[in-house]
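The file upload18.cif comes next; it holds mmCIF, C-alpha atoms.
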```cif
data_protein
#
loop_
_atom_site.label_atom_id
_atom_site.label_comp_id
_atom_site.auth_asym_id
_atom_site.auth_seq_id
_atom_site.Cartn_x
_atom_site.Cartn_y
_atom_site.Cartn_z
CA MET A 150 -34.31 59.53 21.53
CA ILE A 151 -35.85 62.15 19.24
CA ASN A 152 -33.33 63.44 16.73
CA THR A 153 -34.03 67.09 15.91
CA VAL A 154 -32.61 69.76 13.65
CA ILE A 155 -33.33 73.42 14.43
CA ILE A 156 -33.64 75.91 11.60
CA GLY A 157 -33.40 79.59 12.56
CA ALA A 158 -31.40 81.67 15.01
CA GLY A 159 -33.87 84.00 16.71
CA ASN A 160 -35.20 84.07 20.25
CA VAL A 161 -37.56 81.11 19.85
CA ALA A 162 -34.90 78.97 18.19
CA THR A 163 -32.39 79.76 20.93
CA HIS A 164 -34.75 78.95 23.79
CA LEU A 165 -35.93 75.75 22.10
CA PHE A 166 -32.33 74.69 21.55
CA ASN A 167 -31.55 75.15 25.25
CA ALA A 168 -34.69 73.25 26.28
CA PHE A 169 -34.03 70.40 23.84
CA TYR A 170 -30.33 70.25 24.73
CA ASN A 171 -31.16 69.79 28.41
CA ALA A 172 -33.90 67.21 27.77
CA LYS A 173 -32.98 63.60 28.47
CA ASN A 174 -34.50 62.06 25.36
CA ILE A 175 -33.97 64.76 22.74
CA SER A 176 -30.86 65.14 20.63
CA VAL A 177 -30.22 68.31 18.63
CA SER A 178 -27.96 66.90 15.96
CA GLN A 179 -27.66 70.15 14.01
CA TRP A 180 -28.56 73.83 14.00
CA TYR A 181 -28.94 75.87 10.81
CA ALA A 182 -28.68 79.66 10.56
CA ARG A 183 -28.16 81.93 7.56
CA ASN A 184 -25.42 83.67 9.53
CA LEU A 185 -23.18 81.27 11.44
CA ASN A 186 -22.05 84.06 13.74
CA ASP A 187 -25.53 84.04 15.28
CA ILE A 188 -25.06 80.50 16.63
CA GLN A 189 -21.27 80.15 16.72
CA VAL A 190 -21.30 80.19 20.52
CA PHE A 191 -23.25 76.89 20.47
CA SER A 192 -20.80 75.08 18.18
CA ASN A 193 -19.37 73.14 21.13
CA LYS A 194 -22.82 71.68 21.81
CA THR A 195 -24.10 70.77 18.34
CA ALA A 196 -23.11 70.80 14.69
CA ILE A 197 -23.87 74.12 13.03
CA THR A 198 -24.31 74.99 9.38
CA ASP A 199 -25.35 77.83 7.11
CA LYS A 200 -26.13 75.55 4.16
CA LEU A 201 -29.56 73.98 3.76
CA SER A 202 -27.99 71.42 1.44
CA ASP A 203 -25.93 70.10 4.37
CA LEU A 204 -28.85 69.38 6.70
CA ASN A 205 -28.59 66.09 8.57
CA ASP A 206 -31.23 63.39 8.61
CA ALA A 207 -33.59 63.87 11.57
CA ASP A 208 -36.89 62.76 13.06
CA ILE A 209 -38.18 66.33 12.96
CA TYR A 210 -37.01 69.68 11.61
CA ILE A 211 -38.07 72.67 13.71
CA ILE A 212 -38.47 75.81 11.58
CA ALA A 213 -38.14 78.74 13.98
CA VAL A 214 -37.76 81.69 11.61
CA SER A 215 -39.73 84.89 11.02
CA ASP A 216 -43.32 84.42 9.85
CA ASP A 217 -42.62 85.89 6.43
CA ALA A 218 -39.74 83.48 5.81
CA ILE A 219 -41.50 80.20 6.68
CA ALA A 220 -43.12 79.40 3.33
CA SER A 221 -40.06 80.24 1.27
CA LEU A 222 -37.64 78.38 3.51
CA SER A 223 -39.80 75.26 3.67
CA SER A 224 -39.86 75.13 -0.13
CA LYS A 225 -36.04 75.22 -0.21
CA LEU A 226 -35.50 72.23 2.06
CA PRO A 227 -33.44 69.64 0.13
CA PHE A 228 -35.55 66.62 1.12
CA SER A 229 -39.12 65.35 1.05
CA ASN A 230 -41.40 63.12 3.13
CA LYS A 231 -39.81 64.29 6.38
CA LEU A 232 -41.61 65.75 9.39
CA ILE A 233 -41.25 69.53 9.60
CA ALA A 234 -42.82 71.88 12.14
CA HIS A 235 -42.94 75.65 12.25
CA THR A 236 -43.20 77.55 15.55
CA SER A 237 -45.39 80.48 14.51
CA GLY A 238 -48.67 81.51 16.06
CA SER A 239 -50.06 83.20 12.97
CA VAL A 240 -48.80 81.18 9.99
CA GLY A 241 -51.15 78.46 8.75
CA LEU A 242 -50.21 74.82 8.37
CA PRO A 243 -50.76 74.99 4.56
CA ASP A 244 -48.08 77.70 4.33
CA LEU A 245 -45.49 74.98 4.76
CA ASN A 246 -44.46 73.34 1.50
CA ASN A 247 -46.35 70.08 1.02
CA LYS A 248 -43.37 68.03 -0.15
CA ASN A 249 -42.84 67.22 3.54
CA HIS A 250 -45.14 66.14 6.37
CA ARG A 251 -46.38 69.40 7.86
CA SER A 252 -46.99 70.27 11.50
CA VAL A 253 -46.91 73.12 14.01
CA PHE A 254 -45.09 73.24 17.35
CA TYR A 255 -46.05 76.70 18.67
CA PRO A 256 -44.76 77.70 22.12
CA LEU A 257 -47.19 80.37 23.32
CA GLN A 258 -44.91 82.59 25.35
CA THR A 259 -42.94 85.81 25.07
CA PHE A 260 -39.27 85.14 24.31
CA SER A 261 -36.42 87.55 24.93
CA LYS A 262 -32.97 86.17 24.17
CA THR A 263 -31.45 87.06 27.56
CA ALA A 264 -34.44 86.14 29.76
CA GLU A 265 -34.55 82.56 31.04
CA ILE A 266 -37.70 80.56 30.29
CA ASP A 267 -39.27 77.81 32.40
CA PHE A 268 -40.86 75.57 29.77
CA SER A 269 -43.19 74.05 32.35
CA GLU A 270 -44.94 77.43 32.07
CA VAL A 271 -44.97 77.40 28.26
CA PRO A 272 -48.03 75.81 26.62
CA ILE A 273 -47.26 74.18 23.29
CA CYS A 274 -49.95 74.38 20.61
CA ILE A 275 -49.71 71.38 18.30
CA GLU A 276 -51.22 71.00 14.84
CA ILE A 277 -50.66 68.03 12.57
CA GLU A 278 -51.43 66.98 9.03
CA ARG A 279 -50.98 63.26 9.71
CA LYS A 280 -52.26 61.51 12.84
CA ALA A 281 -49.09 59.42 12.84
CA ASP A 282 -47.04 62.51 13.76
CA LEU A 283 -49.02 63.46 16.87
CA ASN A 284 -47.17 61.19 19.30
CA LEU A 285 -43.76 62.54 18.34
CA LEU A 286 -44.86 66.14 18.84
CA LYS A 287 -46.54 65.31 22.15
CA THR A 288 -43.39 63.52 23.31
CA LEU A 289 -41.29 66.51 22.29
CA ALA A 290 -43.47 68.76 24.48
CA ASN A 291 -43.41 66.27 27.36
CA GLU A 292 -39.64 65.99 27.27
CA ILE A 293 -39.22 69.73 27.88
CA GLY A 294 -41.93 69.71 30.56
CA SER A 295 -44.47 71.76 28.61
CA PRO A 296 -48.24 71.29 28.67
CA PHE A 297 -49.59 70.81 25.15
CA TYR A 298 -52.85 71.48 23.37
CA LYS A 299 -54.03 70.16 20.02
CA VAL A 300 -55.43 73.16 18.14
CA ASN A 301 -56.24 73.92 14.52
CA SER A 302 -54.92 76.87 12.50
CA GLU A 303 -57.98 79.02 13.17
CA GLN A 304 -57.79 78.43 16.94
CA ARG A 305 -54.05 79.07 16.98
CA SER A 306 -54.50 82.30 15.05
CA ALA A 307 -57.11 83.43 17.59
CA LEU A 308 -54.74 82.59 20.46
CA HIS A 309 -51.97 84.56 18.76
CA LEU A 310 -54.26 87.56 18.31
CA ALA A 311 -55.34 87.37 21.96
CA ALA A 312 -51.68 87.06 22.98
CA VAL A 313 -50.88 90.35 21.27
CA PHE A 314 -53.49 92.04 23.46
CA VAL A 315 -52.47 90.43 26.76
CA ASN A 316 -48.71 90.54 26.17
CA ASN A 317 -47.51 93.05 23.57
CA PHE A 318 -50.14 95.69 24.22
CA SER A 319 -49.91 95.34 28.01
CA ASN A 320 -46.12 95.71 27.81
CA GLN A 321 -46.58 98.90 25.79
CA LEU A 322 -48.77 100.17 28.64
CA TYR A 323 -45.97 99.26 31.08
CA ARG A 324 -43.62 101.35 28.92
CA ILE A 325 -45.97 104.34 29.10
CA GLY A 326 -46.24 103.88 32.85
CA HIS A 327 -42.45 103.76 33.05
CA GLU A 328 -42.18 107.05 31.14
CA ILE A 329 -44.71 108.68 33.48
CA THR A 330 -42.85 107.59 36.62
CA GLU A 331 -39.47 108.59 35.19
CA ALA A 332 -40.79 112.05 34.32
CA SER A 333 -41.86 112.51 37.95
CA ASN A 334 -38.61 111.05 39.35
CA VAL A 335 -40.38 108.17 41.12
CA GLU A 336 -39.34 104.51 41.02
CA PHE A 337 -41.22 102.30 38.53
CA ASP A 338 -40.46 99.39 40.89
CA ILE A 339 -43.21 100.67 43.19
CA LEU A 340 -45.71 99.58 40.53
CA LYS A 341 -44.35 96.04 40.12
CA PRO A 342 -46.39 94.47 42.97
CA LEU A 343 -49.52 95.93 41.33
CA ILE A 344 -48.54 94.45 37.97
CA LYS A 345 -47.98 91.06 39.59
CA GLU A 346 -51.27 91.17 41.52
CA THR A 347 -53.18 92.14 38.37
CA ALA A 348 -51.84 89.03 36.64
CA ARG A 349 -52.35 86.83 39.72
CA LYS A 350 -56.02 87.79 40.11
CA ILE A 351 -57.09 86.23 36.83
CA GLU A 352 -56.01 82.83 38.16
CA GLY A 353 -59.24 82.90 40.16
CA LEU A 354 -61.36 85.56 38.48
CA SER A 355 -62.38 86.23 34.90
CA PRO A 356 -60.84 89.41 33.46
CA PHE A 357 -64.37 90.86 33.41
CA MET A 358 -64.78 90.34 37.16
CA ALA A 359 -61.22 91.43 37.99
CA GLN A 360 -61.48 94.94 36.50
CA THR A 361 -61.16 97.88 38.91
CA GLY A 362 -60.26 101.56 38.63
CA PRO A 363 -61.75 104.97 37.85
CA ALA A 364 -63.13 104.04 34.40
CA LYS A 365 -65.14 101.13 35.79
CA ARG A 366 -66.34 103.26 38.73
CA ASN A 367 -67.10 106.15 36.35
CA ASP A 368 -65.04 108.43 38.59
CA LYS A 369 -65.20 111.47 36.30
CA LYS A 370 -63.13 113.83 38.45
CA THR A 371 -60.21 111.39 38.64
CA ILE A 372 -60.40 110.68 34.92
CA GLN A 373 -60.33 114.40 34.08
CA LYS A 374 -57.44 114.94 36.51
CA HIS A 375 -55.44 112.20 34.81
CA LEU A 376 -56.19 113.58 31.35
CA SER A 377 -55.10 117.07 32.44
CA ALA A 378 -51.84 115.64 33.80
CA LEU A 379 -50.95 113.92 30.54
CA THR A 380 -48.89 116.30 28.41
CA ASN A 381 -47.96 113.64 25.87
CA LYS A 382 -50.75 113.66 23.28
CA LYS A 383 -50.19 110.02 22.31
CA HIS A 384 -50.38 108.87 25.93
CA LYS A 385 -53.52 110.95 26.38
CA ALA A 386 -55.12 109.30 23.34
CA VAL A 387 -54.31 105.85 24.75
CA TYR A 388 -55.81 106.80 28.12
CA GLU A 389 -59.00 108.05 26.45
CA LEU A 390 -59.27 104.96 24.24
CA MET A 391 -58.76 102.53 27.14
CA THR A 392 -61.15 104.46 29.38
CA LYS A 393 -63.86 104.37 26.72
CA SER A 394 -63.28 100.65 26.16
CA ILE A 395 -63.71 99.92 29.88
CA GLN A 396 -66.75 102.17 30.17
CA ASP A 397 -68.37 100.56 27.13
CA THR A 398 -67.76 97.16 28.69
CA TYR A 399 -69.40 98.09 31.99
CA GLY A 400 -72.13 100.36 30.63
CA LYS A 401 -70.66 103.65 31.87
CA LYS A 402 -70.50 106.97 30.07
CA LEU A 403 -68.02 109.83 30.27
#
```
Will you turn the file into structure tokens for me?
Amino acid sequence: MINTVIIGAGNVATHLFNAFYNAKNISVSQWYARNLNDIQVFSNKTAITDKLSDLNDADIYIIAVSDDAIASLSSKLPFSNKLIAHTSGSVGLPDLNNKNHRSVFYPLQTFSKTAEIDFSEVPICIEIERKADLNLLKTLANEIGSPFYKVNSEQRSALHLAAVFVNNFSNQLYRIGHEITEASNVEFDILKPLIKETARKIEGLSPFMAQTGPAKRNDKKTIQKHLSALTNKKHKAVYELMTKSIQDTYGKKL
């Protein structure tokens, strides 16, 4: 049984708590949050606290807080020579205070508090300072059904950067698409099969090979028609930028 303490109350912390709580060989003995109201609803499942000085002894302390808070919080932990792991994609291992054994347990997925997560679809990126800690982190991932990858800080940072493009930026494009359909009084749901197929195709094709559309075909009339239809200047700028990016990739010119 792996005895864990979770530190933080955001989306990642909440989903990890649920995954750990339902795992056969993981015990969440305590959950820390600055504001107890954020985790009060879980008080019937684990001990909760808002005092770092009251943290229980554990095999591992999972620090799932905002990136900017990781270094400061790790320096305030009231113990030393314990295994701690942050869950950030962009924060380096050395950012953790070195009075404890440092590691990273980064679930590479988008987390919304109200959306359920299947952790068998969540790759865990693991980084360790001591080889002796690798087995515990691997076991932690196995217990929640997640595939795991041993990566260094530079590789993890690159993955996080790529994730912003494929997740955050693509969702912003969904939002623009949603605005366009709403303005024309047409259901956004009609586009959802296309969104799903676009994601499905890269299971068998590289993104380079999977690209379609007027920019790749250099269909100038369609491109100009779309630009004329866009009354929102910001949306128009995004369309032009993305079109140029695609055309540069495939050797086309406007």
Would you translate the PyMOL selection byres ((chain A and resi 242) around 10) into the concrete set of residues it matches in this file, as a CSV table (one decimal) with C-alpha atoms, in the frame of the given file?
```csv
chain,number,residue,atom,x,y,z
A,220,ALA,CA,-43.1,79.4,3.3
A,234,ALA,CA,-42.8,71.9,12.1
A,235,HIS,CA,-42.9,75.6,12.2
A,237,SER,CA,-45.4,80.5,14.5
A,239,SER,CA,-50.1,83.2,13.0
A,240,VAL,CA,-48.8,81.2,10.0
A,241,GLY,CA,-51.2,78.5,8.8
A,243,PRO,CA,-50.8,75.0,4.6
A,244,ASP,CA,-48.1,77.7,4.3
A,245,LEU,CA,-45.5,75.0,4.8
A,246,ASN,CA,-44.5,73.3,1.5
A,247,ASN,CA,-46.4,70.1,1.0
A,251,ARG,CA,-46.4,69.4,7.9
A,252,SER,CA,-47.0,70.3,11.5
A,253,VAL,CA,-46.9,73.1,14.0
A,276,GLU,CA,-51.2,71.0,14.8
A,277,ILE,CA,-50.7,68.0,12.6
A,278,GLU,CA,-51.4,67.0,9.0
A,301,ASN,CA,-56.2,73.9,14.5
A,302,SER,CA,-54.9,76.9,12.5
```
Which residues are near segment 266-275 of chain A? Cut-off 8 Å, all atoms listed in the file, ignore same chain within fewer than 2 positions. Put them as a VMD selection string.
chain A and resid 164 168 252 to 258 260 264 277 286 to 287 290 293 to 301 305
So that I have them on file, write out the residues from the current selection with C-alpha atoms, as a tab-separated table (two decimals), in the coordinates of the input.
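Final file, part31.tsv:
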```tsv
chain	number	residue	atom	x	y	z
A	164	HIS	CA	-34.75	78.95	23.79
A	168	ALA	CA	-34.69	73.25	26.28
A	252	SER	CA	-46.99	70.27	11.50
A	253	VAL	CA	-46.91	73.12	14.01
A	254	PHE	CA	-45.09	73.24	17.35
A	255	TYR	CA	-46.05	76.70	18.67
A	256	PRO	CA	-44.76	77.70	22.12
A	257	LEU	CA	-47.19	80.37	23.32
A	258	GLN	CA	-44.91	82.59	25.35
A	260	PHE	CA	-39.27	85.14	24.31
A	264	ALA	CA	-34.44	86.14	29.76
A	277	ILE	CA	-50.66	68.03	12.57
A	286	LEU	CA	-44.86	66.14	18.84
A	287	LYS	CA	-46.54	65.31	22.15
A	290	ALA	CA	-43.47	68.76	24.48
A	293	ILE	CA	-39.22	69.73	27.88
A	294	GLY	CA	-41.93	69.71	30.56
A	295	SER	CA	-44.47	71.76	28.61
A	296	PRO	CA	-48.24	71.29	28.67
A	297	PHE	CA	-49.59	70.81	25.15
A	298	TYR	CA	-52.85	71.48	23.37
A	299	LYS	CA	-54.03	70.16	20.02
A	300	VAL	CA	-55.43	73.16	18.14
A	301	ASN	CA	-56.24	73.92	14.52
A	305	ARG	CA	-54.05	79.07	16.98
```
Atom CA of Leu201 of chain A to atom CA of Glu265 of chain A: how many Å, to one decimal?
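Taking atom CA of Leu201 of chain A and atom CA of Glu265 of chain A, their separation equals 29.0 Å.
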Find the residues around Ala332 of chain A up to 12 Å (only C-alpha atoms counted), leave out those fewer than 5 positions away in its own chain, and share them as a tab-separated table (two decimals) with C-alpha atoms, in the coordinates of the input.
```
chain	number	residue	atom	x	y	z
A	325	ILE	CA	-45.97	104.34	29.10
A	326	GLY	CA	-46.24	103.88	32.85
A	327	HIS	CA	-42.45	103.76	33.05
A	337	PHE	CA	-41.22	102.30	38.53
A	378	ALA	CA	-51.84	115.64	33.80
A	379	LEU	CA	-50.95	113.92	30.54
A	380	THR	CA	-48.89	116.30	28.41
A	381	ASN	CA	-47.96	113.64	25.87
```
Starting from the displayed file, determine the output of the PyMOL selection byres ((chain A and resi 371-377) around 12) and express the residue list as a ChimeraX atom specification.
/A:329,362-370,378-393,396,402-403
Run the PyMOL selection byres ((chain A and resi 311-317) around 12) on the file and write out the hits as a list of chain:residue names.
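This file, filtered by the PyMOL selection byres ((chain A and resi 311-317) around 12), leaves A:Gly238, A:Ser239, A:Pro256, A:Leu257, A:Gln258, A:Thr259, A:Phe260, A:Gln304, A:Arg305, A:Ser306, A:Ala307, A:Leu308, A:His309, A:Leu310, A:Phe318, A:Ser319, A:Asn320, A:Gln321, A:Leu322, A:Tyr323, A:Arg324, A:Thr347, A:Ala348, A:Ile351, A:Pro356.
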What's the 7 Å shell around Leu232 of chain A, counting all atoms listed in the file, without same-chain residues fewer than 6 positions away, as a PDB file with C-alpha atoms, in the frame of the given file?
```pdb
ATOM      1  CA  ASP A 208     -36.890  62.760  13.060  1.00  0.00           C
ATOM      2  CA  ILE A 209     -38.180  66.330  12.960  1.00  0.00           C
ATOM      3  CA  TYR A 210     -37.010  69.680  11.610  1.00  0.00           C
ATOM      4  CA  ASN A 249     -42.840  67.220   3.540  1.00  0.00           C
ATOM      5  CA  HIS A 250     -45.140  66.140   6.370  1.00  0.00           C
ATOM      6  CA  ARG A 251     -46.380  69.400   7.860  1.00  0.00           C
TER       7      ARG A 251
END
```
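For the pair atom CA of Ala172 of chain A and atom CA of Ala218 of chain A, the interatomic distance is 27.9 Å.
The residue that comes closest to Tyr170 of chain A, out of A:Ile212, A:Ala281, A:Ile219, A:Leu289 and on the basis of all atoms listed in the file, is A:Leu289.
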Counting all atoms listed in the file, the residue of A:Thr330, A:Asn167, A:Val335, A:Phe228 that sits nearest Leu204 of chain A
A:Phe228
Rounded to one decimal place, report the atom CA of Lys231 of chain A-atom CA of Val214 of chain A distance in Å.
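Atom CA of Lys231 of chain A sits 18.3 Å away from atom CA of Val214 of chain A.
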Top pick for closest residue to Leu165 of chain A, considering A:Ser355, A:Ser224, A:Thr153, A:Ser394 and counting only C-alpha atoms:
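Counting only C-alpha atoms, the residue closest to Leu165 of chain A is A:Thr153.
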Closest of A:Leu343, A:Ile155, A:Asn334, A:Thr163 to Ala196 of chain A - atom-to-atom distances counting all atoms listed in the file:
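Smallest separation from Ala196 of chain A among the options: A:Ile155.
The smallest atom-to-atom distance between Ser202 of chain A and any of A:Ile395, A:Leu226, A:Leu185, A:Ala158, using only C-alpha atoms, is found for A:Leu226.
Taking only C-alpha atoms into account, Ile233 of chain A lies nearest to A:Val154 out of the set A:Ser215, A:Ala162, A:Val154, A:Val177.
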Missing atoms in segment 243-254 of chain A: fill them in up to N, CA and C atoms and send the result as a short mmCIF file (atom, residue, chain, number, x, y, z; two decimals), in the frame of the given file.
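The new file rebuild_16.cif reads:
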```
data_model
loop_
_atom_site.label_atom_id
_atom_site.label_comp_id
_atom_site.auth_asym_id
_atom_site.auth_seq_id
_atom_site.Cartn_x
_atom_site.Cartn_y
_atom_site.Cartn_z
N PRO A 243 -50.95 75.11 6.02
CA PRO A 243 -50.76 74.99 4.56
C PRO A 243 -49.65 75.88 4.01
N ASP A 244 -49.17 76.84 4.81
CA ASP A 244 -48.08 77.70 4.33
C ASP A 244 -46.78 76.93 4.19
N LEU A 245 -46.66 75.83 4.92
CA LEU A 245 -45.49 74.98 4.76
C LEU A 245 -45.59 74.22 3.44
N ASN A 246 -44.46 74.06 2.77
CA ASN A 246 -44.46 73.34 1.50
C ASN A 246 -44.90 71.89 1.71
N ASN A 247 -45.75 71.40 0.82
CA ASN A 247 -46.35 70.08 1.02
C ASN A 247 -45.50 68.91 0.55
N LYS A 248 -44.24 69.16 0.20
CA LYS A 248 -43.37 68.03 -0.15
C LYS A 248 -42.94 67.26 1.09
N ASN A 249 -43.13 67.88 2.27
CA ASN A 249 -42.84 67.22 3.54
C ASN A 249 -44.10 67.08 4.38
N HIS A 250 -44.02 66.31 5.46
CA HIS A 250 -45.14 66.14 6.37
C HIS A 250 -45.20 67.36 7.29
N ARG A 251 -46.30 68.08 7.23
CA ARG A 251 -46.38 69.40 7.86
C ARG A 251 -46.99 69.33 9.26
N SER A 252 -46.45 70.18 10.14
CA SER A 252 -46.99 70.27 11.50
C SER A 252 -46.62 71.61 12.10
N VAL A 253 -47.20 71.88 13.28
CA VAL A 253 -46.91 73.12 14.01
C VAL A 253 -46.56 72.76 15.45
N PHE A 254 -45.52 73.39 15.96
CA PHE A 254 -45.09 73.24 17.35
C PHE A 254 -44.90 74.66 17.89
#
```
